[in-house]
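**Q** Supplied in structure tokens, the structure appears directly below.
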Amino acid sequence: MVLFPNLTQLDLTGPYEVFGRLPNTKVLLIAESPDAVKSDYGLLFIPDTTFETAPQIDILFVPGGRGIFDAMQNKILLQFLKQQSLNAKYITSVCTGALVLAAAGLLDGYKATTHWLSLNLLKLFAVEVLEQRVVVDRNRITGGGVTAGIDFGLTVAAELFGENIAKEIQLFMEYNPAPPFNSGSPKTADKTIVDRVLADRKEIQNEREEMIKKMFT
């Protein structure tokens, strides 16, 4: 599980909660340096190892967050992803982590998803973008925005150890969503709320779009 500054903690900790319950599995937090990494709202994560010292891993995972703008341009991070991908069994992400994988060229020719606000950005790469909670295409597994990380984690668990193990983990976690509002998707939220969110994010989304376009020039 890759760390970078200003990641969204639930993108990481949702899947981590599932992965930590898998049998015969060691979960590693991997960062560029051994220093603590701060999430976008200030939660600190202590890396287990670094890009330089990490062993070959089986499941490569990238979260999203505000920090992807820098992560997508971090040559050391992108090279680490490319090198690990050569022998990793699965290459995965949640939320805008898909954009980091795409920047490394690891989603070229694959189906994938990301946060609904960034689906148009993912389409700028050679990726078949699907608006789904979780997308599995061969050994690429991608999850949608933030809370989809738990769905993603359970999907990975089923891929690795079978549905029964995944279902047991789901039950232990009491993952039984019953949100108080039907506002978790632009398809169900009030239009005024969707418009306000789009307006609030317009500037940063435009910046990211321009950055991605420059990558191809």
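Just remember, in the structure tokens the first chain shown is A, the second B, etc., residues are 1-based per chain, and ligands are 1-based in the order shown.
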Counting only C-alpha atoms, what is within 12 Å of Glu131 in chain A, bar same-chain residues fewer than 2 positions away, as a list in words?
**A**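 Everything that qualifies: Cys95, Lys111, Ala112, Thr113, Thr114, His115, Trp116, Leu117, Ser118, Leu119, Asn120, Leu122, Lys123, Glu128, Val129, Arg133, Val134, Val135, Thr142, Gly143, Gly144, Gly145, Ser185, Pro186 and Lys187 of chain A.
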**Q** Looking only at strand (DSSP E or B) from DSSP on the backbone, list the matching residues of range 92-131 of chain A as a PyMOL selection string.
**A** chain A and resi 92-94+111-112+128-129
**Q** Within chain A, find each residue whose DSSP state, derived from the backbone, is alpha helix (DSSP H), and express the selection as a ChimeraX atom specification.
**A** /A:9-19,68-71,75-85,97-103,119-122,148-161,163-173,191-215
**Q** Show which residues sit within 10 Å of Leu106 in chain A, as a PyMOL selection string. Count only C-alpha atoms, and ignore same-chain residues fewer than 2 positions away.
**A** chain A and resi 78+81-82+85+91-92+98-104+108-110+126-127+140
**Q** Nearest to Gln205 in chain A among A:Ala71, A:Ala36, A:Thr96, A:Thr192, with distances taken over only C-alpha atoms: which residue is it?
**A**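 Smallest distance to Gln205 in chain A is found for A:Thr96.
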**Q** Quote the spacing between CA of Ser39 in chain A and CA of Ile57 in chain A in Å to one decimal place.
**A**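 These two atoms are separated by 23.1 Å.
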**Q** Go through A:Phe4, A:Phe161, A:Tyr90, A:Phe216 and flag the residue nearest Arg138 in chain A, using only C-alpha atoms for the distances.
**A**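 Residue with the minimum atom-to-atom distance to Arg138 in chain A: A:Tyr90.
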**Q** Excluding Gln56 in chain A and any residue of its chain fewer than 6 positions from it, enumerate the residues within 8 Å of it, using only C-alpha atoms, and give them as a list in words.
**A**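 Residues near the query, excluding close chain neighbours: Gln84, Asn87 and Ala88 of chain A.
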**Q** Using N, CA and C atoms, can you export the residues from the last selection as a short mmCIF file (atom, residue, chain, number, x, y, z; two decimals), in the first residue's frame?
**A**
```cif
data_model
loop_
_atom_site.label_atom_id
_atom_site.label_comp_id
_atom_site.auth_asym_id
_atom_site.auth_seq_id
_atom_site.Cartn_x
_atom_site.Cartn_y
_atom_site.Cartn_z
N GLN A 84 7.63 -2.43 -9.73
CA GLN A 84 6.87 -3.43 -8.98
C GLN A 84 5.84 -4.13 -9.87
N ASN A 87 6.29 -7.75 -11.74
CA ASN A 87 6.09 -9.07 -11.14
C ASN A 87 4.95 -9.12 -10.13
N ALA A 88 4.25 -8.02 -9.93
CA ALA A 88 3.10 -8.02 -9.03
C ALA A 88 1.97 -8.84 -9.64
#
```
**Q** Considering only C-alpha atoms, return as a list of chain:residue names whatever protein or nucleic-acid residues lie within 12 Å of Phe181 in chain A, sequence-local ones (same chain, fewer than 6 positions apart) excluded.
**A**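 In the requested format, the answer is A:Thr188, A:Ala189, A:Asp190.
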**Q** How would the residues just chosen look if you wrote them out with C-alpha atoms as an mmCIF file, in the first residue's frame?
**A**
```cif
data_model
loop_
_atom_site.group_PDB
_atom_site.id
_atom_site.type_symbol
_atom_site.label_atom_id
_atom_site.label_comp_id
_atom_site.auth_asym_id
_atom_site.auth_seq_id
_atom_site.Cartn_x
_atom_site.Cartn_y
_atom_site.Cartn_z
ATOM 1 C CA THR A 188 -29.172 10.292 -6.653
ATOM 2 C CA ALA A 189 -28.096 13.533 -4.963
ATOM 3 C CA ASP A 190 -30.111 16.728 -5.361
#
```
**Q** Work out how far apart CA of Leu86 in chain A and CA of Thr50 in chain A are and give it in Å to one decimal.
**A**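 Those two atoms sit 17.9 Å apart.
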**Q** Using Å and a single decimal, report how far CA of Val62 in chain A sits from CA of Thr25 in chain A.
**A**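 One can read the CA of Thr25 in chain A to CA of Val62 in chain A distance as 17.7 Å.
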**Q** Can you work out which one of A:Leu43, A:Val136, A:Leu12, A:Leu77 has the shortest atom-to-atom distance to Phe61 in chain A, counting only C-alpha atoms?
**A**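 Checking each candidate against Phe61 in chain A, we get A:Leu12 as the closest.
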**Q** With distances taken over only C-alpha atoms, which of A:Asn6, A:Thr155, A:Asn182, A:Ser93 is nearest to Phe45 in chain A?
**A**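 Smallest separation from Phe45 in chain A among the options: A:Asn6.
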